[in-house]
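Asker: Dropping a structure here in structure tokens format, bear with me for questions.
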Amino acid sequence: MSDLTVPALPTVRERPLDPPDEVARLRQQGGVHRMTYADGHVGWLVTGYSAARAVLADSRFSNRPENMHPPIPGRFAAGKELRERGFQTPPGFFLRTDPPEHTRYRKLLTGQFTVRRMKLLEPRIEEITASALDALEAAGPPADLVQDFALPIPSLVICELLGVPYEDRARFQDDSKILVNLETGAEEAIAAIGRVFAYLHDLIGRKREHPADDLISGLIEGGELKDDELAGVSFLLLVAGHETTANMLALGTYTLLTNPGQLAVMRGDPGAVENAVEELLRYLTIVHLGPIRTAIEDVEIDGHLVRAGESVTLHLPAANRDPDRFPGGDTLDLTRPAGGHLSFGHGIHQCLGQQLARVEMRIAYPALLRRLPGLRLAVPPEEVPMRSDMSIYGVHRLPVTW
Amino acid sequence: MRINADTSVCIGAGMCALTVPKVFDQSEEDGTVVLLQKEPPAELDEAVRRAVNLCPSGAISIA
Ligand code: HEM
Ligand code: SF4
């Protein structure tokens with residue numbers, strides 16, 4: 001290990017699909033590093049797989065926003081500024097809570113996201129995928145794979161699951177984009193959150209009067225949550241359901257189209273798809289800045305003493321390529337056993353929607369490649385705009401032809 | 001091997017049910033782990049070990 005403090009979180013990628021070289025270099029030196037945060041706090045950066053797993057599984061680390069220091073300026077620092085001005089994370093936004101609060105919300109929802117429940121959604125997701133492909137074919141060639149395929153599928157799926165009318169998407173899609181943009185300032189974030197919450201409160205009111213067979217109506221009926229908690233839970237599910245799978249679908253397609261050998265694996269054998277999806281999740285690790293946790297007691301991680309109050313940034317893309325856990329991990333290999341990656345996190349906050357995301361990807365990638373055997377990029381790969389400015393990585397647009 | 005499951009720790013992530021559906025299921029109510037067999041046959045040992053390692057919350061263990 002080195003005793004030097006990393007002066008700032010490296011964020012510039014030399015190659016679009018690899019974490020910054022500087023982060024990989026740090027990982028070679030060790031899994032745990034001191035790092036200066038955007039507000040001057042001297043905290044930690046974790047680049048190693050086993051250390052990242054250990055932190056995420058340890059209940060002595062908090063996920064509450066008021067304990068967190070911002071690793072980079074912009075959106076994260078704006079969050080801190082907002083809290084200092086008295087703005088509180090909405091109740092029900094359980095990603096940023098600790099037990100027992102977290103447990104209460106999570107237990108109300110996990111029954112809705114079981115492996116079995118998600119399997120029952122398969123026929124409907126196949127239908128949605130087929131109609132997205134019809135629309136894509138009607139729009140092109142060429143077409144933008146993000147707007148005509150990658151976004152509509154998970155968007156429609158999460159809307160149906162929650163019971164949010166898809167026609168209303170203009171009322172939250174743009175705002176959810178603003179909220180994952182790393183450059184969004186405090187004022188802009190307050191305004192976006194305000195608009196989405198106004199919409200959700202309105203929706204919850206309507207559902208109280210006319211319940212239907214959907215998740216939000218079910219939560220209302222359960223009677224456990226107050227309206228502002230319901231809005232917070234719905235907000236988290238809506239944003240998380242939109243900004244994640246959509247980016248995996250588009251970035252994954254970009255990755256396959258620029259790796260013909262791996263594209264052949266995904267195309268060749270339906271039995272290879274499950275593992276191929278895990279490897280794409282590992283290799284691409286779209287949650288590329290965070291999670292962030294803060295110690296509430298002194299904790300020793302990999303021989304380093306993290307003191308109470310210090311923040312730790314987990315670099316999931318670096319951890320997922322740790323050669324100790326995934327030898328040769330800088331190479332995409334759709335046949336490697338990729339299970340155990342940290343792309344959905346680890347510990348009590350591990351992604352609630354992961355089984356849904358898996359079903360969506362296992363259906364959508366092969367369906368796309370089957371329908372459009374001649375699918376290719378419509379521009380040189382270096383002209384595809386990458387989402388370096390967003391907290392969820394991906395491509396802004398993916399011009400394709402066939 | 002003998003499996004123990006602690007539903008008070010389980011967060012319903014479903015990695016167990018995804019990995020060894022013959023041994024693990026999830027409750028319809030709150031998604032927590034349901035053990036279908038407490039002492040599965042030896043040919044499932046390796047898969048069960050994989051599930052224990054994948055479980056994010058430490059809710060399942062083997063003895
Ligand atoms: C490929 C797609 C996805 C990826 C890569 C992903 C990634 C993640 C990660 C890394 C976390 C943990 C964050 C942390 O520990 O701080 C998380 C949590 C979460 N995700 Fe996902 N996610 C995906 C899809 C989804 C979908 C489709 C939903 C919709 C239901 C969803 C809902 C959630 C929720 C509600 C949490 C918070 C869980 C908690 O705090 O207990 N995710 N996700
Ligand atoms: S993998 Fe662990 S946390 Fe997830 S359902 Fe199974 S026992 Fe519970």
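Ligands are numbered from 1 in the order shown, residues from 1 within each chain, and chains are lettered A, B, ... in the order they appear in the structure tokens.
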If the limit is 6 Å from any atom of ligand 1, counting only C-alpha atoms and all ligand atoms, which residues qualify? Return them as a PyMOL selection string.

Answerer: chain A and resi 94-95+106+236-237+240-241+244-245+248+286-287+291+343-345+348-354+356-357

Asker: Just the residues within 9 Å of stretch 365-367 of chain A, please, counting only C-alpha atoms, with nothing from its chain fewer than 3 positions along; format it as a PyMOL selection string.

Answerer: chain A and resi 126+129-130+133+249+252-253+266-267+270+273+277+360-362+370-372

Asker: With distances taken over only C-alpha atoms, which residue among B:Leu35, B:Ala17, B:Arg49, B:Leu44 lies nearest chain A?

Answerer: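 Among B:Leu35, B:Ala17, B:Arg49, B:Leu44, it is B:Ala17 that comes nearest to chain A.
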
Asker: Hey, which residues come within 7 Å of ligand 2 if we count only C-alpha atoms and all ligand atoms? Could you give them as a list in words?

Answerer: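 Those residues are Ala5, Thr7, Cys10, Ile11, Gly12, Ala13, Gly14, Met15, Cys16, Ala17, Gln26, Gly31, Thr32, Val33, Ala51, Leu54, Cys55, Pro56, Ser57, Gly58, Ala59 and Ile60 of chain B.
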
Asker: Write a file of the just-selected residues containing N, CA, C and O atoms, as a short mmCIF file (atom, residue, chain, number, x, y, z; two decimals), in the first residue's frame.

Answerer:
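Contents of result_0.cif, freshly written:
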data_model
loop_
_atom_site.label_atom_id
_atom_site.label_comp_id
_atom_site.auth_asym_id
_atom_site.auth_seq_id
_atom_site.Cartn_x
_atom_site.Cartn_y
_atom_site.Cartn_z
N ALA B 5 -31.21 -20.96 7.88
CA ALA B 5 -31.63 -19.71 7.27
C ALA B 5 -32.21 -18.82 8.36
O ALA B 5 -33.02 -19.27 9.18
N THR B 7 -34.39 -15.69 8.73
CA THR B 7 -35.23 -14.76 7.97
C THR B 7 -35.21 -13.34 8.55
O THR B 7 -35.59 -12.39 7.89
N CYS B 10 -32.39 -11.84 6.48
CA CYS B 10 -32.57 -11.91 5.02
C CYS B 10 -33.19 -10.61 4.47
O CYS B 10 -34.11 -10.06 5.06
N ILE B 11 -32.68 -10.12 3.33
CA ILE B 11 -33.25 -8.92 2.72
C ILE B 11 -33.97 -9.24 1.42
O ILE B 11 -34.28 -8.37 0.61
N GLY B 12 -34.18 -10.52 1.16
CA GLY B 12 -35.00 -10.90 0.01
C GLY B 12 -34.39 -10.58 -1.34
O GLY B 12 -35.11 -10.32 -2.30
N ALA B 13 -33.08 -10.60 -1.44
CA ALA B 13 -32.45 -10.28 -2.72
C ALA B 13 -32.61 -11.40 -3.72
O ALA B 13 -32.44 -11.20 -4.93
N GLY B 14 -32.90 -12.59 -3.26
CA GLY B 14 -33.23 -13.67 -4.18
C GLY B 14 -32.04 -14.39 -4.80
O GLY B 14 -32.23 -15.22 -5.69
N MET B 15 -30.83 -14.10 -4.37
CA MET B 15 -29.69 -14.78 -4.98
C MET B 15 -29.73 -16.28 -4.71
O MET B 15 -29.32 -17.08 -5.54
N CYS B 16 -30.23 -16.67 -3.55
CA CYS B 16 -30.29 -18.10 -3.21
C CYS B 16 -31.27 -18.81 -4.13
O CYS B 16 -30.94 -19.84 -4.72
N ALA B 17 -32.48 -18.25 -4.29
CA ALA B 17 -33.50 -18.88 -5.12
C ALA B 17 -33.08 -18.90 -6.59
O ALA B 17 -33.44 -19.80 -7.33
N GLN B 26 -38.54 -18.13 -2.05
CA GLN B 26 -38.78 -16.90 -1.29
C GLN B 26 -40.25 -16.83 -0.94
O GLN B 26 -41.12 -17.17 -1.75
N GLY B 31 -40.82 -11.95 0.74
CA GLY B 31 -39.66 -12.22 -0.10
C GLY B 31 -38.49 -12.87 0.62
O GLY B 31 -37.46 -13.13 0.01
N THR B 32 -38.64 -13.14 1.92
CA THR B 32 -37.50 -13.72 2.63
C THR B 32 -37.35 -15.20 2.28
O THR B 32 -38.28 -15.84 1.78
N VAL B 33 -36.18 -15.72 2.59
CA VAL B 33 -35.81 -17.07 2.16
C VAL B 33 -36.72 -18.14 2.80
O VAL B 33 -37.09 -18.04 3.96
N ALA B 51 -24.41 -20.39 -3.36
CA ALA B 51 -25.52 -19.53 -2.91
C ALA B 51 -25.17 -18.83 -1.60
O ALA B 51 -25.43 -17.64 -1.44
N LEU B 54 -22.97 -16.04 -2.36
CA LEU B 54 -23.62 -14.94 -3.11
C LEU B 54 -24.60 -14.16 -2.24
O LEU B 54 -24.91 -13.01 -2.54
N CYS B 55 -25.13 -14.79 -1.20
CA CYS B 55 -26.14 -14.12 -0.38
C CYS B 55 -25.55 -12.83 0.20
O CYS B 55 -24.52 -12.85 0.86
N PRO B 56 -26.20 -11.68 -0.07
CA PRO B 56 -25.62 -10.40 0.35
C PRO B 56 -25.76 -10.12 1.84
O PRO B 56 -25.07 -9.25 2.36
N SER B 57 -26.65 -10.83 2.53
CA SER B 57 -26.95 -10.44 3.91
C SER B 57 -26.40 -11.40 4.95
O SER B 57 -26.52 -11.14 6.14
N GLY B 58 -25.84 -12.52 4.52
CA GLY B 58 -25.37 -13.50 5.49
C GLY B 58 -26.49 -14.27 6.17
O GLY B 58 -26.31 -14.81 7.26
N ALA B 59 -27.66 -14.34 5.50
CA ALA B 59 -28.81 -14.99 6.14
C ALA B 59 -28.73 -16.51 6.08
O ALA B 59 -29.39 -17.19 6.85
N ILE B 60 -27.98 -17.05 5.13
CA ILE B 60 -27.92 -18.52 5.04
C ILE B 60 -26.52 -19.01 5.39
O ILE B 60 -25.51 -18.40 5.03
#

Asker: I'd like the contact shell of B:Leu36 - 12 Å cut-off, only C-alpha atoms, skipping same-chain residues fewer than 4 positions apart - returned as a list in words.

Answerer: Ile3, Asn4, Ala5, Cys16, Ala17, Val20, Pro21, Lys22, Val23, Phe24, Asp25, Gln26, Ser27 and Pro40 of chain B

Asker: Please identify the strand (DSSP E) residues within chain B (assignment by DSSP from backbone atoms) and present them as a VMD selection string.

Answerer: chain B and resid 3 to 5 24 to 26 33 to 35 60 to 62

Asker: Would you pick out the contacts of stretch 184-192 of chain A at 6 Å or less, using only C-alpha atoms, so that residues sharing its chain but fewer than 6 positions from it are not included, and give the list as a list in words?

Answerer: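 The residues satisfying every condition are Arg75, Ala78 and Asp175 of chain A.
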
Asker: Taking only C-alpha atoms into account and nothing else, which residues of chain A lie no more than 8 Å away from chain B? Please answer as a PyMOL selection string.

Answerer: chain A and resi 57+103+106-116+339-340+346-348+350-352+354-355

Asker: Between atom CA of A:Asp168 and atom CA of A:Leu230, what is the spacing in Å?

Answerer: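 Atom CA of A:Leu230 sits 18.2 Å away from atom CA of A:Asp168.
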
Asker: Per DSSP on the backbone, what are the alpha helix (DSSP H) residues of stretch 227-312 of chain A, as a ChimeraX atom specification?

Answerer: /A:227-243,245-257,260-268,273-284

Asker: Write the selection just made, keeping N, CA and C atoms, as a compact mmCIF listing (two decimals), in the first residue's frame?

Answerer:
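Result saved to again39.txt:
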# COMPACT_ATOMS: atom_id res chain seq x y z
N ASP A 227 -48.75 8.96 3.07
CA ASP A 227 -48.64 9.41 1.69
C ASP A 227 -47.24 9.89 1.31
N ASP A 228 -46.57 10.60 2.24
CA ASP A 228 -45.25 11.09 1.83
C ASP A 228 -44.23 9.94 1.76
N GLU A 229 -44.44 8.90 2.59
CA GLU A 229 -43.58 7.73 2.47
C GLU A 229 -43.85 6.98 1.17
N LEU A 230 -45.13 6.86 0.83
CA LEU A 230 -45.50 6.20 -0.42
C LEU A 230 -44.86 6.91 -1.60
N ALA A 231 -44.88 8.25 -1.55
CA ALA A 231 -44.29 9.02 -2.65
C ALA A 231 -42.78 8.76 -2.71
N GLY A 232 -42.13 8.69 -1.55
CA GLY A 232 -40.68 8.45 -1.53
C GLY A 232 -40.31 7.09 -2.09
N VAL A 233 -41.07 6.07 -1.69
CA VAL A 233 -40.82 4.72 -2.19
C VAL A 233 -41.04 4.67 -3.70
N SER A 234 -42.16 5.24 -4.15
CA SER A 234 -42.47 5.22 -5.58
C SER A 234 -41.41 5.97 -6.37
N PHE A 235 -40.94 7.05 -5.82
CA PHE A 235 -39.91 7.86 -6.48
C PHE A 235 -38.63 7.04 -6.67
N LEU A 236 -38.20 6.36 -5.59
CA LEU A 236 -36.99 5.54 -5.68
C LEU A 236 -37.15 4.46 -6.74
N LEU A 237 -38.28 3.77 -6.73
CA LEU A 237 -38.48 2.67 -7.67
C LEU A 237 -38.54 3.17 -9.11
N LEU A 238 -39.20 4.32 -9.28
CA LEU A 238 -39.37 4.87 -10.62
C LEU A 238 -38.02 5.29 -11.20
N VAL A 239 -37.23 6.03 -10.43
CA VAL A 239 -35.93 6.49 -10.93
C VAL A 239 -34.99 5.30 -11.13
N ALA A 240 -34.94 4.40 -10.12
CA ALA A 240 -34.03 3.26 -10.22
C ALA A 240 -34.43 2.34 -11.37
N GLY A 241 -35.72 2.23 -11.62
CA GLY A 241 -36.20 1.36 -12.68
C GLY A 241 -35.92 1.92 -14.06
N HIS A 242 -35.76 3.24 -14.15
CA HIS A 242 -35.56 3.88 -15.46
C HIS A 242 -34.11 3.98 -15.86
N GLU A 243 -33.29 4.40 -14.93
CA GLU A 243 -31.95 4.86 -15.31
C GLU A 243 -30.93 3.73 -15.35
N THR A 245 -31.48 -0.35 -16.03
CA THR A 245 -31.57 -1.36 -17.09
C THR A 245 -31.43 -0.71 -18.47
N ALA A 246 -32.01 0.47 -18.63
CA ALA A 246 -31.93 1.16 -19.93
C ALA A 246 -30.48 1.36 -20.33
N ASN A 247 -29.65 1.74 -19.37
CA ASN A 247 -28.24 1.97 -19.70
C ASN A 247 -27.49 0.66 -19.93
N MET A 248 -27.85 -0.37 -19.19
CA MET A 248 -27.23 -1.68 -19.45
C MET A 248 -27.57 -2.15 -20.85
N LEU A 249 -28.82 -1.98 -21.27
CA LEU A 249 -29.21 -2.46 -22.60
C LEU A 249 -28.45 -1.72 -23.70
N ALA A 250 -28.36 -0.40 -23.58
CA ALA A 250 -27.71 0.37 -24.65
C ALA A 250 -26.19 0.20 -24.61
N LEU A 251 -25.61 0.31 -23.42
CA LEU A 251 -24.15 0.18 -23.33
C LEU A 251 -23.72 -1.26 -23.66
N GLY A 252 -24.53 -2.22 -23.24
CA GLY A 252 -24.23 -3.63 -23.54
C GLY A 252 -24.26 -3.87 -25.04
N THR A 253 -25.23 -3.28 -25.73
CA THR A 253 -25.30 -3.45 -27.18
C THR A 253 -24.10 -2.80 -27.85
N TYR A 254 -23.74 -1.60 -27.39
CA TYR A 254 -22.52 -0.94 -27.92
C TYR A 254 -21.31 -1.86 -27.74
N THR A 255 -21.21 -2.46 -26.55
CA THR A 255 -20.07 -3.32 -26.24
C THR A 255 -20.03 -4.54 -27.16
N LEU A 256 -21.19 -5.14 -27.38
CA LEU A 256 -21.23 -6.33 -28.25
C LEU A 256 -20.92 -5.95 -29.69
N LEU A 257 -21.47 -4.81 -30.14
CA LEU A 257 -21.26 -4.42 -31.53
C LEU A 257 -19.80 -4.05 -31.80
N PRO A 260 -16.92 -8.18 -31.96
CA PRO A 260 -17.62 -9.18 -32.78
C PRO A 260 -17.50 -10.60 -32.23
N GLY A 261 -16.37 -10.97 -31.66
CA GLY A 261 -16.20 -12.32 -31.13
C GLY A 261 -17.21 -12.60 -30.02
N GLN A 262 -17.39 -11.62 -29.13
CA GLN A 262 -18.33 -11.79 -28.01
C GLN A 262 -19.78 -11.70 -28.49
N LEU A 263 -20.00 -10.88 -29.52
CA LEU A 263 -21.34 -10.80 -30.11
C LEU A 263 -21.76 -12.18 -30.59
N ALA A 264 -20.79 -12.91 -31.20
CA ALA A 264 -21.09 -14.25 -31.72
C ALA A 264 -21.49 -15.19 -30.58
N VAL A 265 -20.86 -15.03 -29.41
CA VAL A 265 -21.21 -15.89 -28.26
C VAL A 265 -22.66 -15.63 -27.86
N MET A 266 -23.02 -14.35 -27.71
CA MET A 266 -24.38 -13.99 -27.28
C MET A 266 -25.40 -14.48 -28.32
N ARG A 267 -25.04 -14.40 -29.61
CA ARG A 267 -25.96 -14.80 -30.67
C ARG A 267 -26.08 -16.30 -30.77
N GLY A 268 -24.94 -16.99 -30.50
CA GLY A 268 -24.83 -18.39 -30.86
C GLY A 268 -25.70 -19.32 -30.05
N VAL A 273 -26.82 -17.17 -22.58
CA VAL A 273 -27.30 -15.82 -22.31
C VAL A 273 -27.23 -15.44 -20.82
N GLU A 274 -27.64 -16.37 -19.94
CA GLU A 274 -27.65 -16.04 -18.51
C GLU A 274 -26.29 -15.57 -18.03
N ASN A 275 -25.28 -16.36 -18.35
CA ASN A 275 -23.95 -15.99 -17.89
C ASN A 275 -23.43 -14.75 -18.62
N ALA A 276 -23.78 -14.64 -19.91
CA ALA A 276 -23.34 -13.48 -20.68
C ALA A 276 -23.85 -12.19 -20.04
N VAL A 277 -25.08 -12.22 -19.55
CA VAL A 277 -25.65 -11.04 -18.90
C VAL A 277 -24.86 -10.71 -17.63
N GLU A 278 -24.50 -11.74 -16.85
CA GLU A 278 -23.72 -11.48 -15.62
C GLU A 278 -22.37 -10.86 -15.97
N GLU A 279 -21.75 -11.37 -17.04
CA GLU A 279 -20.44 -10.85 -17.41
C GLU A 279 -20.55 -9.41 -17.93
N LEU A 280 -21.62 -9.10 -18.67
CA LEU A 280 -21.79 -7.71 -19.10
C LEU A 280 -22.00 -6.81 -17.88
N LEU A 281 -22.78 -7.30 -16.90
CA LEU A 281 -22.98 -6.51 -15.68
C LEU A 281 -21.65 -6.24 -15.00
N ARG A 282 -20.82 -7.29 -14.89
CA ARG A 282 -19.52 -7.15 -14.23
C ARG A 282 -18.61 -6.20 -15.01
N TYR A 283 -18.46 -6.47 -16.30
CA TYR A 283 -17.50 -5.73 -17.11
C TYR A 283 -17.87 -4.25 -17.22
N LEU A 284 -19.18 -3.98 -17.31
CA LEU A 284 -19.60 -2.59 -17.55
C LEU A 284 -19.86 -1.82 -16.25

Asker: Could you pull the residues within 12 Å of A:Ala378, counting only C-alpha atoms, minus those fewer than 4 positions along the same chain, as a ChimeraX atom specification?

Answerer: /A:140-145,254,257-258,374,382-384,397-402

Asker: Convert the current residue selection to file output with N, CA and C atoms, as a PDB file, in the first residue's frame.

Answerer:
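Saved file out_25.pdb follows:
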ATOM      1  N   GLY A 140     -36.459   3.261 -38.292  1.00  0.00           N
ATOM      2  CA  GLY A 140     -35.190   3.282 -39.021  1.00  0.00           C
ATOM      3  C   GLY A 140     -35.183   2.322 -40.169  1.00  0.00           C
ATOM      4  N   PRO A 141     -33.995   1.947 -40.672  1.00  0.00           N
ATOM      5  CA  PRO A 141     -32.697   2.437 -40.230  1.00  0.00           C
ATOM      6  C   PRO A 141     -32.368   3.796 -40.842  1.00  0.00           C
ATOM      7  N   PRO A 142     -31.512   4.602 -40.217  1.00  0.00           N
ATOM      8  CA  PRO A 142     -30.895   4.396 -38.908  1.00  0.00           C
ATOM      9  C   PRO A 142     -31.876   4.779 -37.795  1.00  0.00           C
ATOM     10  N   ALA A 143     -31.526   4.446 -36.568  1.00  0.00           N
ATOM     11  CA  ALA A 143     -32.355   4.842 -35.422  1.00  0.00           C
ATOM     12  C   ALA A 143     -31.444   4.986 -34.202  1.00  0.00           C
ATOM     13  N   ASP A 144     -32.021   5.633 -33.169  1.00  0.00           N
ATOM     14  CA  ASP A 144     -31.280   5.748 -31.905  1.00  0.00           C
ATOM     15  C   ASP A 144     -31.754   4.625 -30.990  1.00  0.00           C
ATOM     16  N   LEU A 145     -30.868   3.678 -30.714  1.00  0.00           N
ATOM     17  CA  LEU A 145     -31.247   2.508 -29.921  1.00  0.00           C
ATOM     18  C   LEU A 145     -31.683   2.877 -28.503  1.00  0.00           C
ATOM     19  N   TYR A 254     -23.737  -1.603 -27.392  1.00  0.00           N
ATOM     20  CA  TYR A 254     -22.522  -0.941 -27.916  1.00  0.00           C
ATOM     21  C   TYR A 254     -21.313  -1.859 -27.739  1.00  0.00           C
ATOM     22  N   LEU A 257     -21.471  -4.811 -30.135  1.00  0.00           N
ATOM     23  CA  LEU A 257     -21.259  -4.421 -31.533  1.00  0.00           C
ATOM     24  C   LEU A 257     -19.801  -4.051 -31.802  1.00  0.00           C
ATOM     25  N   THR A 258     -19.069  -3.685 -30.757  1.00  0.00           N
ATOM     26  CA  THR A 258     -17.659  -3.351 -30.967  1.00  0.00           C
ATOM     27  C   THR A 258     -16.741  -4.524 -30.579  1.00  0.00           C
ATOM     28  N   GLY A 374     -28.453  -7.896 -38.963  1.00  0.00           N
ATOM     29  CA  GLY A 374     -27.414  -7.040 -39.547  1.00  0.00           C
ATOM     30  C   GLY A 374     -27.103  -5.817 -38.692  1.00  0.00           C
ATOM     31  N   GLU A 382     -16.013   5.911 -31.729  1.00  0.00           N
ATOM     32  CA  GLU A 382     -15.540   7.040 -30.924  1.00  0.00           C
ATOM     33  C   GLU A 382     -16.491   8.235 -30.988  1.00  0.00           C
ATOM     34  N   GLU A 383     -17.472   8.187 -31.893  1.00  0.00           N
ATOM     35  CA  GLU A 383     -18.441   9.285 -31.942  1.00  0.00           C
ATOM     36  C   GLU A 383     -19.676   9.030 -31.079  1.00  0.00           C
ATOM     37  N   VAL A 384     -19.744   7.873 -30.438  1.00  0.00           N
ATOM     38  CA  VAL A 384     -20.879   7.592 -29.548  1.00  0.00           C
ATOM     39  C   VAL A 384     -20.658   8.347 -28.238  1.00  0.00           C
ATOM     40  N   ARG A 397     -26.658   8.447 -26.604  1.00  0.00           N
ATOM     41  CA  ARG A 397     -27.365   8.022 -27.817  1.00  0.00           C
ATOM     42  C   ARG A 397     -26.611   6.859 -28.415  1.00  0.00           C
ATOM     43  N   LEU A 398     -27.292   5.997 -29.141  1.00  0.00           N
ATOM     44  CA  LEU A 398     -26.595   4.922 -29.828  1.00  0.00           C
ATOM     45  C   LEU A 398     -27.151   4.798 -31.250  1.00  0.00           C
ATOM     46  N   PRO A 399     -26.534   5.574 -32.197  1.00  0.00           N
ATOM     47  CA  PRO A 399     -27.023   5.515 -33.574  1.00  0.00           C
ATOM     48  C   PRO A 399     -26.677   4.151 -34.183  1.00  0.00           C
ATOM     49  N   VAL A 400     -27.707   3.417 -34.602  1.00  0.00           N
ATOM     50  CA  VAL A 400     -27.488   2.093 -35.192  1.00  0.00           C
ATOM     51  C   VAL A 400     -28.200   1.994 -36.538  1.00  0.00           C
ATOM     52  N   THR A 401     -27.735   1.031 -37.334  1.00  0.00           N
ATOM     53  CA  THR A 401     -28.406   0.742 -38.590  1.00  0.00           C
ATOM     54  C   THR A 401     -28.434  -0.778 -38.738  1.00  0.00           C
ATOM     55  N   TRP A 402     -29.105  -1.308 -39.790  1.00  0.00           N
ATOM     56  CA  TRP A 402     -29.183  -2.766 -39.951  1.00  0.00           C
ATOM     57  C   TRP A 402     -29.496  -3.139 -41.373  1.00  0.00           C
TER      58      TRP A 402
END

Asker: So the first atom is atom CA of A:Leu45 and the second is atom CA of A:His315; what is the distance between them in Å, to one decimal place?

Answerer: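 Interatomic distance here is 7.1 Å.
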
Asker: Would you pick out the contacts of stretch 20-30 of chain A at 6 Å or less, using only C-alpha atoms, so that residues sharing its chain but fewer than 2 positions from it are not included, and give the list as a short mmCIF file (atom, residue, chain, number, x, y, z; two decimals) with N, CA and C atoms, in the first residue's frame?

Answerer:
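Result file follows (result-v7.cif):
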data_model
loop_
_atom_site.label_atom_id
_atom_site.label_comp_id
_atom_site.auth_asym_id
_atom_site.auth_seq_id
_atom_site.Cartn_x
_atom_site.Cartn_y
_atom_site.Cartn_z
N MET A 1 0.84 -1.21 0.00
CA MET A 1 0.00 0.00 0.00
C MET A 1 0.87 1.26 0.00
N VAL A 12 -11.79 10.62 -15.05
CA VAL A 12 -11.67 10.66 -16.51
C VAL A 12 -11.21 9.31 -17.04
N ARG A 13 -12.01 8.73 -17.93
CA ARG A 13 -11.66 7.43 -18.50
C ARG A 13 -10.83 7.61 -19.76
N VAL A 32 -7.31 -0.43 -0.47
CA VAL A 32 -7.86 0.64 0.36
C VAL A 32 -6.92 1.84 0.37
N THR A 47 -10.76 0.20 -3.76
CA THR A 47 -10.66 -0.27 -5.15
C THR A 47 -10.61 -1.79 -5.24
#

Asker: Counting only C-alpha atoms, which residue out of A:Val164, A:Glu297, A:Phe197, A:Ile72 sits closest to A:Met35?

Answerer: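 The closest residue to A:Met35 is A:Ile72.
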
Asker: Find the residues around A:Gly328 up to 12 Å (only C-alpha atoms counted), leave out those fewer than 6 positions away in its own chain, and share them as a ChimeraX atom specification.

Answerer: /A:283,320-322,336,338

Asker: Those same residues, written as a PDB file, in the first residue's frame with N, CA, C and O atoms?

Answerer:
ATOM      1  N   TYR A 283     -18.464  -6.466 -16.301  1.00  0.00           N
ATOM      2  CA  TYR A 283     -17.499  -5.733 -17.106  1.00  0.00           C
ATOM      3  C   TYR A 283     -17.869  -4.254 -17.219  1.00  0.00           C
ATOM      4  O   TYR A 283     -17.004  -3.380 -17.192  1.00  0.00           O
ATOM      5  N   ASN A 320     -14.754  -4.836  -9.472  1.00  0.00           N
ATOM      6  CA  ASN A 320     -15.221  -5.897 -10.353  1.00  0.00           C
ATOM      7  C   ASN A 320     -14.159  -6.360 -11.349  1.00  0.00           C
ATOM      8  O   ASN A 320     -14.386  -7.299 -12.101  1.00  0.00           O
ATOM      9  N   ARG A 321     -13.039  -5.682 -11.387  1.00  0.00           N
ATOM     10  CA  ARG A 321     -11.947  -6.128 -12.253  1.00  0.00           C
ATOM     11  C   ARG A 321     -10.730  -6.507 -11.433  1.00  0.00           C
ATOM     12  O   ARG A 321      -9.624  -6.637 -11.974  1.00  0.00           O
ATOM     13  N   ASP A 322     -10.915  -6.666 -10.137  1.00  0.00           N
ATOM     14  CA  ASP A 322      -9.806  -7.058  -9.280  1.00  0.00           C
ATOM     15  C   ASP A 322      -9.294  -8.432  -9.714  1.00  0.00           C
ATOM     16  O   ASP A 322     -10.048  -9.409  -9.691  1.00  0.00           O
ATOM     17  N   ARG A 336     -16.953 -16.535 -19.015  1.00  0.00           N
ATOM     18  CA  ARG A 336     -16.306 -16.651 -17.697  1.00  0.00           C
ATOM     19  C   ARG A 336     -17.393 -16.771 -16.610  1.00  0.00           C
ATOM     20  O   ARG A 336     -18.448 -16.157 -16.731  1.00  0.00           O
ATOM     21  N   ALA A 338     -19.106 -15.347 -14.007  1.00  0.00           N
ATOM     22  CA  ALA A 338     -19.050 -13.946 -13.584  1.00  0.00           C
ATOM     23  C   ALA A 338     -19.869 -13.690 -12.326  1.00  0.00           C
ATOM     24  O   ALA A 338     -19.942 -12.558 -11.851  1.00  0.00           O
TER      25      ALA A 338
END
